[in-house]
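A.B. asks: Here you go, this is start.tsv (TSV, N, CA and C atoms).
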```tsv
chain	number	residue	atom	x	y	z
A	1	GLN	N	-12.08	-0.65	17.50
A	1	GLN	CA	-11.43	0.54	16.93
A	1	GLN	C	-10.45	0.09	15.85
A	2	VAL	N	-10.61	0.65	14.66
A	2	VAL	CA	-9.75	0.29	13.54
A	2	VAL	C	-8.35	0.85	13.78
A	3	GLN	N	-7.36	-0.01	13.62
A	3	GLN	CA	-5.97	0.44	13.67
A	3	GLN	C	-5.23	-0.13	12.46
A	4	LEU	N	-4.50	0.74	11.79
A	4	LEU	CA	-3.65	0.37	10.66
A	4	LEU	C	-2.29	0.99	10.91
A	5	VAL	N	-1.26	0.17	10.99
A	5	VAL	CA	0.07	0.65	11.31
A	5	VAL	C	1.04	0.24	10.22
A	6	GLU	N	1.52	1.22	9.47
A	6	GLU	CA	2.44	0.97	8.37
A	6	GLU	C	3.89	1.06	8.84
A	7	SER	N	4.75	0.32	8.15
A	7	SER	CA	6.18	0.37	8.43
A	7	SER	C	6.95	-0.05	7.18
A	8	GLY	N	8.25	0.18	7.20
A	8	GLY	CA	9.10	-0.31	6.11
A	8	GLY	C	9.59	0.75	5.14
A	9	GLY	N	9.13	1.98	5.31
A	9	GLY	CA	9.59	3.03	4.41
A	9	GLY	C	11.04	3.40	4.66
A	10	GLY	N	11.55	4.28	3.80
A	10	GLY	CA	12.94	4.72	3.96
A	10	GLY	C	13.42	5.44	2.73
A	11	LEU	N	14.73	5.67	2.73
A	11	LEU	CA	15.40	6.33	1.60
A	11	LEU	C	16.06	5.25	0.76
A	12	VAL	N	15.81	5.29	-0.54
A	12	VAL	CA	16.37	4.29	-1.44
A	12	VAL	C	16.76	4.97	-2.74
A	13	GLN	N	17.78	4.43	-3.39
A	13	GLN	CA	18.21	4.98	-4.68
A	13	GLN	C	17.27	4.53	-5.79
A	14	PRO	N	17.20	5.30	-6.87
A	14	PRO	CA	16.41	4.83	-8.02
A	14	PRO	C	16.85	3.45	-8.46
A	15	GLY	N	15.85	2.60	-8.77
A	15	GLY	CA	16.13	1.22	-9.13
A	15	GLY	C	16.13	0.27	-7.95
A	16	GLY	N	16.08	0.81	-6.75
A	16	GLY	CA	16.12	-0.02	-5.56
A	16	GLY	C	14.75	-0.57	-5.19
A	17	SER	N	14.71	-1.28	-4.06
A	17	SER	CA	13.49	-1.94	-3.61
A	17	SER	C	13.22	-1.63	-2.14
A	18	LEU	N	11.96	-1.68	-1.79
A	18	LEU	CA	11.51	-1.60	-0.41
A	18	LEU	C	10.29	-2.49	-0.28
A	19	LYS	N	10.07	-2.98	0.95
A	19	LYS	CA	8.85	-3.74	1.22
A	19	LYS	C	8.13	-3.07	2.39
A	20	LEU	N	6.94	-2.59	2.12
A	20	LEU	CA	6.12	-1.97	3.15
A	20	LEU	C	5.23	-3.02	3.81
A	21	SER	N	4.97	-2.82	5.08
A	21	SER	CA	4.08	-3.71	5.84
A	21	SER	C	3.00	-2.88	6.50
A	22	CYS	N	1.87	-3.52	6.75
A	22	CYS	CA	0.77	-2.86	7.45
A	22	CYS	C	0.11	-3.87	8.37
A	23	ALA	N	0.09	-3.56	9.65
A	23	ALA	CA	-0.59	-4.40	10.64
A	23	ALA	C	-1.97	-3.84	10.89
A	24	ALA	N	-2.98	-4.70	10.74
A	24	ALA	CA	-4.37	-4.27	10.85
A	24	ALA	C	-5.03	-4.91	12.06
A	25	SER	N	-5.91	-4.14	12.70
A	25	SER	CA	-6.68	-4.68	13.82
A	25	SER	C	-7.96	-3.88	13.99
A	26	GLY	N	-8.90	-4.44	14.77
A	26	GLY	CA	-10.11	-3.72	15.10
A	26	GLY	C	-11.25	-3.89	14.10
A	27	PHE	N	-11.07	-4.79	13.13
A	27	PHE	CA	-12.15	-5.07	12.18
A	27	PHE	C	-11.90	-6.45	11.59
A	28	HIS	N	-12.89	-6.93	10.82
A	28	HIS	CA	-12.83	-8.27	10.26
A	28	HIS	C	-11.92	-8.27	9.05
A	29	PHE	N	-10.62	-8.42	9.32
A	29	PHE	CA	-9.63	-8.27	8.26
A	29	PHE	C	-9.83	-9.28	7.13
A	30	SER	N	-10.07	-10.52	7.46
A	30	SER	CA	-10.09	-11.57	6.44
A	30	SER	C	-11.25	-11.42	5.45
A	31	THR	N	-12.24	-10.62	5.80
A	31	THR	CA	-13.38	-10.40	4.90
A	31	THR	C	-13.32	-9.03	4.23
A	32	SER	N	-12.19	-8.34	4.37
A	32	SER	CA	-12.07	-6.97	3.88
A	32	SER	C	-11.12	-6.87	2.69
A	33	TYR	N	-11.56	-6.16	1.65
A	33	TYR	CA	-10.60	-5.71	0.66
A	33	TYR	C	-9.63	-4.77	1.38
A	34	MET	N	-8.40	-4.74	0.91
A	34	MET	CA	-7.42	-3.81	1.48
A	34	MET	C	-6.70	-3.07	0.36
A	35	TYR	N	-6.18	-1.91	0.69
A	35	TYR	CA	-5.65	-0.99	-0.31
A	35	TYR	C	-4.35	-0.35	0.18
A	36	TRP	N	-3.53	0.03	-0.77
A	36	TRP	CA	-2.44	0.97	-0.53
A	36	TRP	C	-2.74	2.24	-1.31
A	37	VAL	N	-2.55	3.38	-0.65
A	37	VAL	CA	-2.66	4.69	-1.29
A	37	VAL	C	-1.41	5.46	-0.95
A	38	ARG	N	-1.16	6.55	-1.67
A	38	ARG	CA	0.01	7.37	-1.37
A	38	ARG	C	-0.32	8.83	-1.58
A	39	GLN	N	0.51	9.68	-0.94
A	39	GLN	CA	0.28	11.13	-1.02
A	39	GLN	C	1.60	11.87	-1.10
A	40	THR	N	1.67	12.81	-2.02
A	40	THR	CA	2.80	13.73	-2.09
A	40	THR	C	2.29	15.13	-1.74
A	41	PRO	N	3.20	16.07	-1.41
A	41	PRO	CA	2.75	17.43	-1.10
A	41	PRO	C	2.00	18.08	-2.26
A	42	GLU	N	2.33	17.66	-3.49
A	42	GLU	CA	1.72	18.31	-4.65
A	42	GLU	C	0.38	17.70	-5.04
A	43	LYS	N	0.11	16.49	-4.59
A	43	LYS	CA	-1.07	15.78	-5.07
A	43	LYS	C	-1.97	15.39	-3.91
A	44	SER	N	-3.19	15.12	-4.23
A	44	SER	CA	-4.09	14.54	-3.25
A	44	SER	C	-3.78	13.05	-3.14
A	45	LEU	N	-4.49	12.35	-2.29
A	45	LEU	CA	-4.27	10.92	-2.13
A	45	LEU	C	-4.47	10.20	-3.47
A	46	GLU	N	-3.55	9.29	-3.76
A	46	GLU	CA	-3.59	8.54	-5.01
A	46	GLU	C	-3.68	7.05	-4.70
A	47	TRP	N	-4.65	6.39	-5.27
A	47	TRP	CA	-4.76	4.94	-5.11
A	47	TRP	C	-3.58	4.26	-5.80
A	48	VAL	N	-3.03	3.25	-5.16
A	48	VAL	CA	-1.89	2.52	-5.69
A	48	VAL	C	-2.26	1.08	-6.03
A	49	SER	N	-2.92	0.39	-5.09
A	49	SER	CA	-3.15	-1.04	-5.30
A	49	SER	C	-4.28	-1.54	-4.42
A	50	THR	N	-4.91	-2.62	-4.86
A	50	THR	CA	-6.00	-3.28	-4.13
A	50	THR	C	-5.75	-4.78	-4.10
A	51	ILE	N	-6.11	-5.40	-2.98
A	51	ILE	CA	-6.13	-6.86	-2.92
A	51	ILE	C	-7.46	-7.30	-2.33
A	52	ASN	N	-8.10	-8.27	-2.96
A	52	ASN	CA	-9.40	-8.67	-2.43
A	52	ASN	C	-9.22	-9.66	-1.28
A	53	ASN	N	-10.35	-10.02	-0.69
A	53	ASN	CA	-10.29	-10.79	0.55
A	53	ASN	C	-10.40	-12.29	0.33
A	54	TYR	N	-10.83	-12.74	-0.88
A	54	TYR	CA	-11.18	-14.16	-0.98
A	54	TYR	C	-10.23	-14.96	-1.87
A	55	ASN	N	-9.71	-14.36	-2.94
A	55	ASN	CA	-8.79	-15.15	-3.78
A	55	ASN	C	-7.48	-14.43	-4.05
A	56	GLY	N	-7.29	-13.32	-3.37
A	56	GLY	CA	-6.03	-12.59	-3.52
A	56	GLY	C	-5.88	-11.84	-4.82
A	57	GLN	N	-6.99	-11.67	-5.55
A	57	GLN	CA	-6.91	-10.92	-6.81
A	57	GLN	C	-6.45	-9.50	-6.54
A	58	THR	N	-5.60	-8.99	-7.43
A	58	THR	CA	-4.98	-7.69	-7.20
A	58	THR	C	-5.24	-6.73	-8.37
A	59	GLN	N	-5.12	-5.44	-8.05
A	59	GLN	CA	-5.19	-4.39	-9.06
A	59	GLN	C	-4.12	-3.37	-8.76
A	60	TYR	N	-3.62	-2.71	-9.82
A	60	TYR	CA	-2.57	-1.73	-9.66
A	60	TYR	C	-2.83	-0.50	-10.50
A	61	GLU	N	-2.42	0.64	-9.97
A	61	GLU	CA	-2.39	1.87	-10.74
A	61	GLU	C	-1.37	1.69	-11.86
A	62	ASP	N	-1.64	2.28	-13.02
A	62	ASP	CA	-0.84	1.99	-14.21
A	62	ASP	C	0.65	2.25	-14.01
A	63	SER	N	1.01	3.30	-13.30
A	63	SER	CA	2.43	3.66	-13.19
A	63	SER	C	3.23	2.67	-12.34
A	64	VAL	N	2.57	1.82	-11.58
A	64	VAL	CA	3.30	0.89	-10.71
A	64	VAL	C	3.17	-0.55	-11.18
A	65	LYS	N	2.35	-0.78	-12.21
A	65	LYS	CA	2.17	-2.15	-12.72
A	65	LYS	C	3.51	-2.74	-13.15
A	66	GLY	N	3.75	-3.98	-12.75
A	66	GLY	CA	4.99	-4.65	-13.09
A	66	GLY	C	6.14	-4.33	-12.16
A	67	ARG	N	5.95	-3.35	-11.27
A	67	ARG	CA	7.02	-2.98	-10.32
A	67	ARG	C	6.61	-3.23	-8.87
A	68	PHE	N	5.33	-3.05	-8.57
A	68	PHE	CA	4.83	-3.23	-7.20
A	68	PHE	C	4.00	-4.51	-7.11
A	69	THR	N	4.06	-5.15	-5.95
A	69	THR	CA	3.27	-6.36	-5.70
A	69	THR	C	2.63	-6.25	-4.33
A	70	ILE	N	1.30	-6.31	-4.30
A	70	ILE	CA	0.57	-6.31	-3.04
A	70	ILE	C	0.28	-7.75	-2.62
A	71	SER	N	0.33	-8.00	-1.32
A	71	SER	CA	0.01	-9.32	-0.81
A	71	SER	C	-0.59	-9.18	0.58
A	72	ARG	N	-1.12	-10.29	1.09
A	72	ARG	CA	-1.74	-10.23	2.42
A	72	ARG	C	-1.55	-11.57	3.12
A	73	ASP	N	-1.61	-11.50	4.45
A	73	ASP	CA	-1.57	-12.70	5.29
A	73	ASP	C	-2.77	-12.61	6.22
A	74	ASN	N	-3.79	-13.39	5.92
A	74	ASN	CA	-5.02	-13.29	6.70
A	74	ASN	C	-4.89	-13.92	8.09
A	75	LEU	N	-3.89	-14.74	8.30
A	75	LEU	CA	-3.67	-15.29	9.65
A	75	LEU	C	-3.03	-14.26	10.56
A	76	GLU	N	-2.17	-13.42	9.99
A	76	GLU	CA	-1.45	-12.42	10.78
A	76	GLU	C	-2.07	-11.04	10.69
A	77	ASN	N	-3.15	-10.89	9.90
A	77	ASN	CA	-3.78	-9.57	9.68
A	77	ASN	C	-2.78	-8.54	9.17
A	78	MET	N	-2.04	-8.94	8.14
A	78	MET	CA	-1.01	-8.07	7.57
A	78	MET	C	-1.23	-7.91	6.08
A	79	ILE	N	-0.91	-6.74	5.55
A	79	ILE	CA	-0.75	-6.58	4.12
A	79	ILE	C	0.62	-6.00	3.84
A	80	TYR	N	1.09	-6.24	2.63
A	80	TYR	CA	2.43	-5.86	2.24
A	80	TYR	C	2.40	-5.20	0.88
A	81	LEU	N	3.42	-4.40	0.62
A	81	LEU	CA	3.63	-3.84	-0.71
A	81	LEU	C	5.11	-3.96	-1.03
A	82	GLN	N	5.43	-4.90	-1.91
A	82	GLN	CA	6.80	-5.03	-2.40
A	82	GLN	C	6.97	-4.07	-3.55
A	83	MET	N	7.94	-3.18	-3.42
A	83	MET	CA	8.17	-2.15	-4.43
A	83	MET	C	9.55	-2.35	-5.02
A	84	ASP	N	9.60	-2.64	-6.30
A	84	ASP	CA	10.86	-2.86	-7.00
A	84	ASP	C	11.06	-1.82	-8.08
A	85	ASN	N	12.29	-1.66	-8.51
A	85	ASN	CA	12.62	-0.69	-9.57
A	85	ASN	C	12.00	0.68	-9.25
A	86	LEU	N	12.24	1.14	-8.04
A	86	LEU	CA	11.64	2.39	-7.59
A	86	LEU	C	12.15	3.57	-8.39
A	87	LYS	N	11.27	4.54	-8.58
A	87	LYS	CA	11.58	5.75	-9.34
A	87	LYS	C	11.39	6.96	-8.45
A	88	PRO	N	12.06	8.08	-8.77
A	88	PRO	CA	11.88	9.29	-7.95
A	88	PRO	C	10.41	9.70	-7.82
A	89	GLU	N	9.62	9.46	-8.84
A	89	GLU	CA	8.21	9.84	-8.76
A	89	GLU	C	7.40	8.95	-7.84
A	90	ASP	N	7.99	7.88	-7.33
A	90	ASP	CA	7.32	7.07	-6.31
A	90	ASP	C	7.46	7.66	-4.91
A	91	THR	N	8.26	8.70	-4.78
A	91	THR	CA	8.44	9.35	-3.49
A	91	THR	C	7.09	9.86	-2.97
A	92	ALA	N	6.72	9.42	-1.78
A	92	ALA	CA	5.41	9.77	-1.22
A	92	ALA	C	5.30	9.19	0.18
A	93	LEU	N	4.25	9.61	0.86
A	93	LEU	CA	3.84	9.00	2.12
A	93	LEU	C	2.84	7.90	1.76
A	94	TYR	N	3.17	6.68	2.12
A	94	TYR	CA	2.34	5.52	1.75
A	94	TYR	C	1.49	5.09	2.94
A	95	TYR	N	0.23	4.84	2.64
A	95	TYR	CA	-0.73	4.42	3.65
A	95	TYR	C	-1.40	3.11	3.24
A	96	CYS	N	-1.67	2.25	4.19
A	96	CYS	CA	-2.63	1.19	3.93
A	96	CYS	C	-4.00	1.71	4.34
A	97	SER	N	-5.01	1.21	3.69
A	97	SER	CA	-6.33	1.80	3.84
A	97	SER	C	-7.42	0.75	3.73
A	98	ARG	N	-8.55	1.04	4.36
A	98	ARG	CA	-9.70	0.15	4.26
A	98	ARG	C	-10.56	0.48	3.06
A	99	ASN	N	-10.24	1.57	2.37
A	99	ASN	CA	-11.00	1.89	1.18
A	99	ASN	C	-10.11	2.54	0.13
A	100	ARG	N	-10.59	2.58	-1.10
A	100	ARG	CA	-9.80	3.09	-2.21
A	100	ARG	C	-9.53	4.58	-2.07
A	101	ALA	N	-10.45	5.29	-1.44
A	101	ALA	CA	-10.29	6.74	-1.27
A	101	ALA	C	-9.26	7.08	-0.21
A	102	GLY	N	-8.91	6.11	0.63
A	102	GLY	CA	-7.92	6.38	1.66
A	102	GLY	C	-8.46	7.11	2.87
A	103	SER	N	-9.77	7.13	3.04
A	103	SER	CA	-10.35	7.89	4.14
A	103	SER	C	-10.21	7.16	5.48
A	104	ILE	N	-9.94	5.86	5.46
A	104	ILE	CA	-9.68	5.10	6.68
A	104	ILE	C	-8.30	4.48	6.51
A	105	ARG	N	-7.30	5.16	7.05
A	105	ARG	CA	-5.92	4.77	6.80
A	105	ARG	C	-5.09	4.94	8.06
A	106	GLY	N	-3.86	4.43	8.00
A	106	GLY	CA	-2.95	4.56	9.12
A	106	GLY	C	-2.23	5.89	9.10
A	107	GLN	N	-1.10	5.93	9.83
A	107	GLN	CA	-0.34	7.17	9.93
A	107	GLN	C	0.65	7.34	8.79
A	108	GLY	N	0.87	6.25	8.05
A	108	GLY	CA	1.72	6.33	6.87
A	108	GLY	C	3.18	6.03	7.14
A	109	THR	N	3.88	5.67	6.07
A	109	THR	CA	5.33	5.47	6.12
A	109	THR	C	5.93	6.14	4.91
A	110	GLN	N	6.99	6.93	5.14
A	110	GLN	CA	7.58	7.75	4.09
A	110	GLN	C	8.51	6.93	3.23
A	111	VAL	N	8.34	7.04	1.93
A	111	VAL	CA	9.25	6.45	0.95
A	111	VAL	C	9.87	7.58	0.14
A	112	THR	N	11.19	7.62	0.15
A	112	THR	CA	11.92	8.64	-0.61
A	112	THR	C	12.87	7.95	-1.56
A	113	VAL	N	12.72	8.25	-2.84
A	113	VAL	CA	13.58	7.65	-3.88
A	113	VAL	C	14.45	8.76	-4.45
A	114	SER	N	15.72	8.69	-4.15
A	114	SER	CA	16.62	9.75	-4.54
A	114	SER	C	18.05	9.24	-4.58
A	115	SER	N	18.82	9.81	-5.50
A	115	SER	CA	20.24	9.45	-5.55
A	115	SER	C	21.07	10.46	-4.76
```
Represent the structure contained in this file as structure tokens.
C.D. replies:
Amino acid sequence: QVQLVESGGGLVQPGGSLKLSCAASGFHFSTSYMYWVRQTPEKSLEWVSTINNYNGQTQYEDSVKGRFTISRDNLENMIYLQMDNLKPEDTALYYCSRNRAGSIRGQGTQVTVSS
């Protein structure tokens, strides 16, 4: 049974940082691409970032490039999202996901960027 458990969200001021974590189990993590997606009440699920399974190559949505960093630990079955220089428009429920569409995801962790 696939389990994805996100943590690390919170309230932060604009310009601040947060690091999200996701613990994965129930599937072959080390051979899987992994993703972060996010959702606001106004929008559908939005892809944020991808990390591949073999060389750690990453991709980012344009609005987060240069501010967010995705990483993974294949020994611990964890993925991370370091978020720096956060903006109010980054406010969302963040999910780790087994696919870019976000159809296989955890329960999410709320990130709120506000002064």
A.B. asks: At a cut-off of 7 Å from (16.7, 7.0, -7.4) in the coordinates of the file, what residues are picked up using all atoms listed in the file, written as a list in words?
C.D. replies: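 Applying the cut-off with all atoms listed in the file, one gets Val12, Gln13, Pro14, Gly15, Gly16, Leu86, Lys87, Pro88, Val113, Ser114 and Ser115 of chain A.
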A.B. asks: Using atom C of Gln82 in chain A and CA of Gln1 in chain A as the two end points, give the distance in Å to one decimal.
C.D. replies: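 Distance reported for this atom pair: 27.9 Å.
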A.B. asks: Excluding same-chain residues fewer than 4 positions from range 97-109 of chain A, what lies within 7 Å of it counting all atoms listed in the file, as a PDB file with N, CA and C atoms, keeping the file's coordinate frame?
C.D. replies:
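Final output, saved to part_11.pdb:
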```pdb
ATOM      1  N   GLN A   3      -7.360  -0.010  13.620  1.00  0.00           N
ATOM      2  CA  GLN A   3      -5.970   0.440  13.670  1.00  0.00           C
ATOM      3  C   GLN A   3      -5.230  -0.130  12.460  1.00  0.00           C
ATOM      4  N   LEU A   4      -4.500   0.740  11.790  1.00  0.00           N
ATOM      5  CA  LEU A   4      -3.650   0.370  10.660  1.00  0.00           C
ATOM      6  C   LEU A   4      -2.290   0.990  10.910  1.00  0.00           C
ATOM      7  N   VAL A   5      -1.260   0.170  10.990  1.00  0.00           N
ATOM      8  CA  VAL A   5       0.070   0.650  11.310  1.00  0.00           C
ATOM      9  C   VAL A   5       1.040   0.240  10.220  1.00  0.00           C
ATOM     10  N   GLU A   6       1.520   1.220   9.470  1.00  0.00           N
ATOM     11  CA  GLU A   6       2.440   0.970   8.370  1.00  0.00           C
ATOM     12  C   GLU A   6       3.890   1.060   8.840  1.00  0.00           C
ATOM     13  N   SER A   7       4.750   0.320   8.150  1.00  0.00           N
ATOM     14  CA  SER A   7       6.180   0.370   8.430  1.00  0.00           C
ATOM     15  C   SER A   7       6.950  -0.050   7.180  1.00  0.00           C
ATOM     16  N   GLY A   8       8.250   0.180   7.200  1.00  0.00           N
ATOM     17  CA  GLY A   8       9.100  -0.310   6.110  1.00  0.00           C
ATOM     18  C   GLY A   8       9.590   0.750   5.140  1.00  0.00           C
ATOM     19  N   GLY A   9       9.130   1.980   5.310  1.00  0.00           N
ATOM     20  CA  GLY A   9       9.590   3.030   4.410  1.00  0.00           C
ATOM     21  C   GLY A   9      11.040   3.400   4.660  1.00  0.00           C
ATOM     22  N   GLY A  10      11.550   4.280   3.800  1.00  0.00           N
ATOM     23  CA  GLY A  10      12.940   4.720   3.960  1.00  0.00           C
ATOM     24  C   GLY A  10      13.420   5.440   2.730  1.00  0.00           C
ATOM     25  N   TYR A  33     -11.560  -6.160   1.650  1.00  0.00           N
ATOM     26  CA  TYR A  33     -10.600  -5.710   0.660  1.00  0.00           C
ATOM     27  C   TYR A  33      -9.630  -4.770   1.380  1.00  0.00           C
ATOM     28  N   MET A  34      -8.400  -4.740   0.910  1.00  0.00           N
ATOM     29  CA  MET A  34      -7.420  -3.810   1.480  1.00  0.00           C
ATOM     30  C   MET A  34      -6.700  -3.070   0.360  1.00  0.00           C
ATOM     31  N   TYR A  35      -6.180  -1.910   0.690  1.00  0.00           N
ATOM     32  CA  TYR A  35      -5.650  -0.990  -0.310  1.00  0.00           C
ATOM     33  C   TYR A  35      -4.350  -0.350   0.180  1.00  0.00           C
ATOM     34  N   TRP A  36      -3.530   0.030  -0.770  1.00  0.00           N
ATOM     35  CA  TRP A  36      -2.440   0.970  -0.530  1.00  0.00           C
ATOM     36  C   TRP A  36      -2.740   2.240  -1.310  1.00  0.00           C
ATOM     37  N   VAL A  37      -2.550   3.380  -0.650  1.00  0.00           N
ATOM     38  CA  VAL A  37      -2.660   4.690  -1.290  1.00  0.00           C
ATOM     39  C   VAL A  37      -1.410   5.460  -0.950  1.00  0.00           C
ATOM     40  N   LEU A  45      -4.490  12.350  -2.290  1.00  0.00           N
ATOM     41  CA  LEU A  45      -4.270  10.920  -2.130  1.00  0.00           C
ATOM     42  C   LEU A  45      -4.470  10.200  -3.470  1.00  0.00           C
ATOM     43  N   GLU A  46      -3.550   9.290  -3.760  1.00  0.00           N
ATOM     44  CA  GLU A  46      -3.590   8.540  -5.010  1.00  0.00           C
ATOM     45  C   GLU A  46      -3.680   7.050  -4.700  1.00  0.00           C
ATOM     46  N   TRP A  47      -4.650   6.390  -5.270  1.00  0.00           N
ATOM     47  CA  TRP A  47      -4.760   4.940  -5.110  1.00  0.00           C
ATOM     48  C   TRP A  47      -3.580   4.260  -5.800  1.00  0.00           C
ATOM     49  N   ALA A  92       6.720   9.420  -1.780  1.00  0.00           N
ATOM     50  CA  ALA A  92       5.410   9.770  -1.220  1.00  0.00           C
ATOM     51  C   ALA A  92       5.300   9.190   0.180  1.00  0.00           C
ATOM     52  N   LEU A  93       4.250   9.610   0.860  1.00  0.00           N
ATOM     53  CA  LEU A  93       3.840   9.000   2.120  1.00  0.00           C
ATOM     54  C   LEU A  93       2.840   7.900   1.760  1.00  0.00           C
TER      55      LEU A  93
END
```
A.B. asks: For the structure I just gave you, how does DSSP split chain A - specifically, which residues are strand (DSSP E)? Reply as a ChimeraX atom specification.
C.D. replies: /A:3-7,10-12,18-25,34-39,46-51,58-60,68-73,78-83,92-97,109-113
A.B. asks: Can you list, as a list in words, every protein, DNA or RNA residue that comes within 8 Å of Gly66 in chain A when you count all atoms listed in the file, leaving out same-chain residues fewer than 4 positions away?
C.D. replies: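 These residues fall inside the cut-off: Tyr60, Glu61, Asp62, Asp84 and Asn85 of chain A.
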A.B. asks: I need the residues in chain A that are helix (DSSP H, G or I) according to DSSP; give them as JSON, numbers by chain.
C.D. replies: {"A": [29, 30, 31, 62, 63, 64, 88, 89, 90]}
A.B. asks: For Phe29 in chain A, which of A:Cys96, A:Met78, A:Ile70, A:Val111 is the closest residue, counting only N, CA and C atoms?
C.D. replies: A:Met78
A.B. asks: Have a look at CA of Asn77 in chain A and atom N of Ala24 in chain A and let me know their distance in Å, one decimal.
C.D. replies: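 Spanning CA of Asn77 in chain A to atom N of Ala24 in chain A is a straight-line distance of 5.0 Å.
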A.B. asks: Just give me the gap between atom N of Ser25 in chain A and CA of Glu42 in chain A in Å, one decimal is fine.
C.D. replies: 29.4 Å
A.B. asks: Under the rule that only N, CA and C atoms are counted, which of A:Gln57, A:Asp90, A:Thr112, A:Tyr80 is the nearest residue to Lys19 in chain A?
C.D. replies: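 Looking only at the distances to Lys19 in chain A, the closest residue turns out to be A:Tyr80.
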A.B. asks: Output as a PDB file, keeping the file's coordinate frame: range 58-69 of chain A, completed with N, CA, C and O atoms.
C.D. replies:
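result_33.pdb, written as the output of this step:
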```
ATOM      1  N   THR A  58      -5.600  -8.990  -7.430  1.00  0.00           N
ATOM      2  CA  THR A  58      -4.980  -7.690  -7.200  1.00  0.00           C
ATOM      3  C   THR A  58      -5.240  -6.730  -8.370  1.00  0.00           C
ATOM      4  O   THR A  58      -5.522  -7.143  -9.491  1.00  0.00           O
ATOM      5  N   GLN A  59      -5.120  -5.440  -8.050  1.00  0.00           N
ATOM      6  CA  GLN A  59      -5.190  -4.390  -9.060  1.00  0.00           C
ATOM      7  C   GLN A  59      -4.120  -3.370  -8.760  1.00  0.00           C
ATOM      8  O   GLN A  59      -3.776  -3.154  -7.578  1.00  0.00           O
ATOM      9  N   TYR A  60      -3.620  -2.710  -9.820  1.00  0.00           N
ATOM     10  CA  TYR A  60      -2.570  -1.730  -9.660  1.00  0.00           C
ATOM     11  C   TYR A  60      -2.830  -0.500 -10.500  1.00  0.00           C
ATOM     12  O   TYR A  60      -3.348  -0.594 -11.622  1.00  0.00           O
ATOM     13  N   GLU A  61      -2.420   0.640  -9.970  1.00  0.00           N
ATOM     14  CA  GLU A  61      -2.390   1.870 -10.740  1.00  0.00           C
ATOM     15  C   GLU A  61      -1.370   1.690 -11.860  1.00  0.00           C
ATOM     16  O   GLU A  61      -0.347   1.015 -11.686  1.00  0.00           O
ATOM     17  N   ASP A  62      -1.640   2.280 -13.020  1.00  0.00           N
ATOM     18  CA  ASP A  62      -0.840   1.990 -14.210  1.00  0.00           C
ATOM     19  C   ASP A  62       0.650   2.250 -14.010  1.00  0.00           C
ATOM     20  O   ASP A  62       1.492   1.486 -14.509  1.00  0.00           O
ATOM     21  N   SER A  63       1.010   3.300 -13.300  1.00  0.00           N
ATOM     22  CA  SER A  63       2.430   3.660 -13.190  1.00  0.00           C
ATOM     23  C   SER A  63       3.230   2.670 -12.340  1.00  0.00           C
ATOM     24  O   SER A  63       4.467   2.683 -12.405  1.00  0.00           O
ATOM     25  N   VAL A  64       2.570   1.820 -11.580  1.00  0.00           N
ATOM     26  CA  VAL A  64       3.300   0.890 -10.710  1.00  0.00           C
ATOM     27  C   VAL A  64       3.170  -0.550 -11.180  1.00  0.00           C
ATOM     28  O   VAL A  64       3.818  -1.451 -10.629  1.00  0.00           O
ATOM     29  N   LYS A  65       2.350  -0.780 -12.210  1.00  0.00           N
ATOM     30  CA  LYS A  65       2.170  -2.150 -12.720  1.00  0.00           C
ATOM     31  C   LYS A  65       3.510  -2.740 -13.150  1.00  0.00           C
ATOM     32  O   LYS A  65       4.311  -2.080 -13.809  1.00  0.00           O
ATOM     33  N   GLY A  66       3.750  -3.980 -12.750  1.00  0.00           N
ATOM     34  CA  GLY A  66       4.990  -4.650 -13.090  1.00  0.00           C
ATOM     35  C   GLY A  66       6.140  -4.330 -12.160  1.00  0.00           C
ATOM     36  O   GLY A  66       7.202  -4.953 -12.245  1.00  0.00           O
ATOM     37  N   ARG A  67       5.950  -3.350 -11.270  1.00  0.00           N
ATOM     38  CA  ARG A  67       7.020  -2.980 -10.320  1.00  0.00           C
ATOM     39  C   ARG A  67       6.610  -3.230  -8.870  1.00  0.00           C
ATOM     40  O   ARG A  67       7.453  -3.540  -8.031  1.00  0.00           O
ATOM     41  N   PHE A  68       5.330  -3.050  -8.570  1.00  0.00           N
ATOM     42  CA  PHE A  68       4.830  -3.230  -7.200  1.00  0.00           C
ATOM     43  C   PHE A  68       4.000  -4.510  -7.110  1.00  0.00           C
ATOM     44  O   PHE A  68       3.310  -4.877  -8.067  1.00  0.00           O
ATOM     45  N   THR A  69       4.060  -5.150  -5.950  1.00  0.00           N
ATOM     46  CA  THR A  69       3.270  -6.360  -5.700  1.00  0.00           C
ATOM     47  C   THR A  69       2.630  -6.250  -4.330  1.00  0.00           C
ATOM     48  O   THR A  69       3.333  -6.127  -3.317  1.00  0.00           O
TER      49      THR A  69
END
```
